[in-house]
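These notes concern the structure reproduced below.
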Amino acid sequence: MRSQFLCFLPTLCVGVAHAQTPDPTDWQRARYYAAPRTVLRVGGAFQPNAWLEVGLIRHQVQWRATGAASSGPYAATDFRFTKDKLLLGPKVGYSFGAMAAAADISAAYYTDFRRGQLVLTPALGVGAAGFVNLLYGYNFRFGGSQFDAIGRHRFSISAHLNWHYQQHGVRESL
């Protein structure tokens with residue numbers, strides 16, 4: 001019995017020593033990405049009048065040791081109903097949010113179907129890891145007709161409705 005235990009002891013020591021070796025992954029630099037998803041983007045803006053926004057974003061979520069972040073390109077339409085006409089602003093852009101910071105850049109073409117104007121809007125603000133963003137943007141207007149409903153300053157809120165952002169996770173480390 002004693003000889004069997006002595007034969008088993010080296011195997012036990014090697015097993016315990018292997019279990020105590022440190023994990024080679026540097027968890028301070030590890031990143032986790034969720035598979036990108038095309039989700040609904042909804043929002044509203046004041047520039048100086050109220051506008052609504054509906055579109056789609058290709059939402060990419062990632063987690064790092066420092067916190068969560070998300071980003072992605074989007075296509076959306078701003079619209080405003082007045083008593084005599086409909087104003088539309090189809091646009092493309094890119095949205096980014098990390099922890100409590102948020103940024104967005106977009107190019108839109110606002111029209112009332114008789115005249116139009118191209119508007120480029122960079123925006124900065126606060127958010128919740130890019131899922132909900134509250135932004136201030138400055139509208140750079142190029143050519144075309146000046147619309148009264150589009151001022152120089154834009155205050156907006158947008159939400160990316162990504163309910164399944166934790167599914168299909170992939171772990172990558174640097």
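As shown in the structure tokens, the chain order sets the letters A, B, ...; within each chain, residues go from 1, and ligands are also counted from 1 in the order they appear.
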
Long-range neighbours of region 95-111 of chain A as a PyMOL selection string, 9 Å cut-off, only C-alpha atoms, 2 positions minimum in chain: chain A and resi 57+59+66-74+77-79+86-93+113-135+137+145+147+150

* To do: Show which residues sit within 6 Å of region 40-42 of chain A, as a PyMOL selection string. Count only C-alpha atoms, and ignore same-chain residues fewer than 4 positions away.
  => chain A and resi 53-56+158-161

Output file for the selection above: N, CA and C atoms, as an mmCIF file, in the first residue's frame:
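Final output, saved to result_21.cif:
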data_model
loop_
_atom_site.group_PDB
_atom_site.id
_atom_site.type_symbol
_atom_site.label_atom_id
_atom_site.label_comp_id
_atom_site.auth_asym_id
_atom_site.auth_seq_id
_atom_site.Cartn_x
_atom_site.Cartn_y
_atom_site.Cartn_z
ATOM 1 N N GLU A 53 -35.342 60.515 -36.313
ATOM 2 C CA GLU A 53 -34.379 59.751 -37.101
ATOM 3 C C GLU A 53 -34.683 58.256 -36.974
ATOM 4 N N VAL A 54 -34.635 57.552 -38.098
ATOM 5 C CA VAL A 54 -34.806 56.093 -38.129
ATOM 6 C C VAL A 54 -33.817 55.547 -39.152
ATOM 7 N N GLY A 55 -33.142 54.466 -38.787
ATOM 8 C CA GLY A 55 -32.194 53.869 -39.711
ATOM 9 C C GLY A 55 -31.660 52.551 -39.196
ATOM 10 N N LEU A 56 -30.592 52.075 -39.836
ATOM 11 C CA LEU A 56 -29.927 50.836 -39.465
ATOM 12 C C LEU A 56 -28.440 51.101 -39.229
ATOM 13 N N SER A 158 -29.532 59.469 -29.740
ATOM 14 C CA SER A 158 -29.744 58.301 -30.589
ATOM 15 C C SER A 158 -29.575 57.039 -29.759
ATOM 16 N N ALA A 159 -30.266 56.001 -30.162
ATOM 17 C CA ALA A 159 -30.186 54.708 -29.475
ATOM 18 C C ALA A 159 -30.007 53.617 -30.519
ATOM 19 N N HIS A 160 -29.110 52.693 -30.222
ATOM 20 C CA HIS A 160 -28.879 51.530 -31.077
ATOM 21 C C HIS A 160 -29.509 50.333 -30.369
ATOM 22 N N LEU A 161 -30.561 49.803 -30.929
ATOM 23 C CA LEU A 161 -31.369 48.776 -30.268
ATOM 24 C C LEU A 161 -30.799 47.382 -30.527
#

Excluding region 81-84 of chain A and residues on its chain fewer than 5 positions from it, collect all residues at most 12 Å away from it, counting only C-alpha atoms, and give them as a short mmCIF file (atom, residue, chain, number, x, y, z; two decimals) with N, CA and C atoms, in the first residue's frame.
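Output saved as selection-v7.cif:
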data_model
loop_
_atom_site.label_atom_id
_atom_site.label_comp_id
_atom_site.auth_asym_id
_atom_site.auth_seq_id
_atom_site.Cartn_x
_atom_site.Cartn_y
_atom_site.Cartn_z
N ASN A 49 -35.29 73.17 -34.92
CA ASN A 49 -36.59 72.49 -34.84
C ASN A 49 -36.39 71.00 -34.59
N ALA A 50 -37.45 70.35 -34.15
CA ALA A 50 -37.36 68.92 -33.82
C ALA A 50 -37.41 68.06 -35.08
N TRP A 51 -36.55 67.06 -35.14
CA TRP A 51 -36.47 66.07 -36.20
C TRP A 51 -36.50 64.69 -35.58
N LEU A 52 -36.99 63.71 -36.32
CA LEU A 52 -36.92 62.31 -35.91
C LEU A 52 -35.95 61.59 -36.83
N GLY A 89 -34.05 63.99 -44.74
CA GLY A 89 -32.60 64.09 -44.74
C GLY A 89 -31.96 62.72 -44.72
N ASP A 112 -36.81 69.15 -49.51
CA ASP A 112 -38.28 69.23 -49.44
C ASP A 112 -38.86 68.82 -50.79
N ASP A 148 -34.75 76.80 -43.15
CA ASP A 148 -34.91 77.39 -41.81
C ASP A 148 -34.90 76.33 -40.72
N ALA A 149 -35.34 75.12 -41.06
CA ALA A 149 -35.43 74.05 -40.07
C ALA A 149 -34.08 73.41 -39.75
#
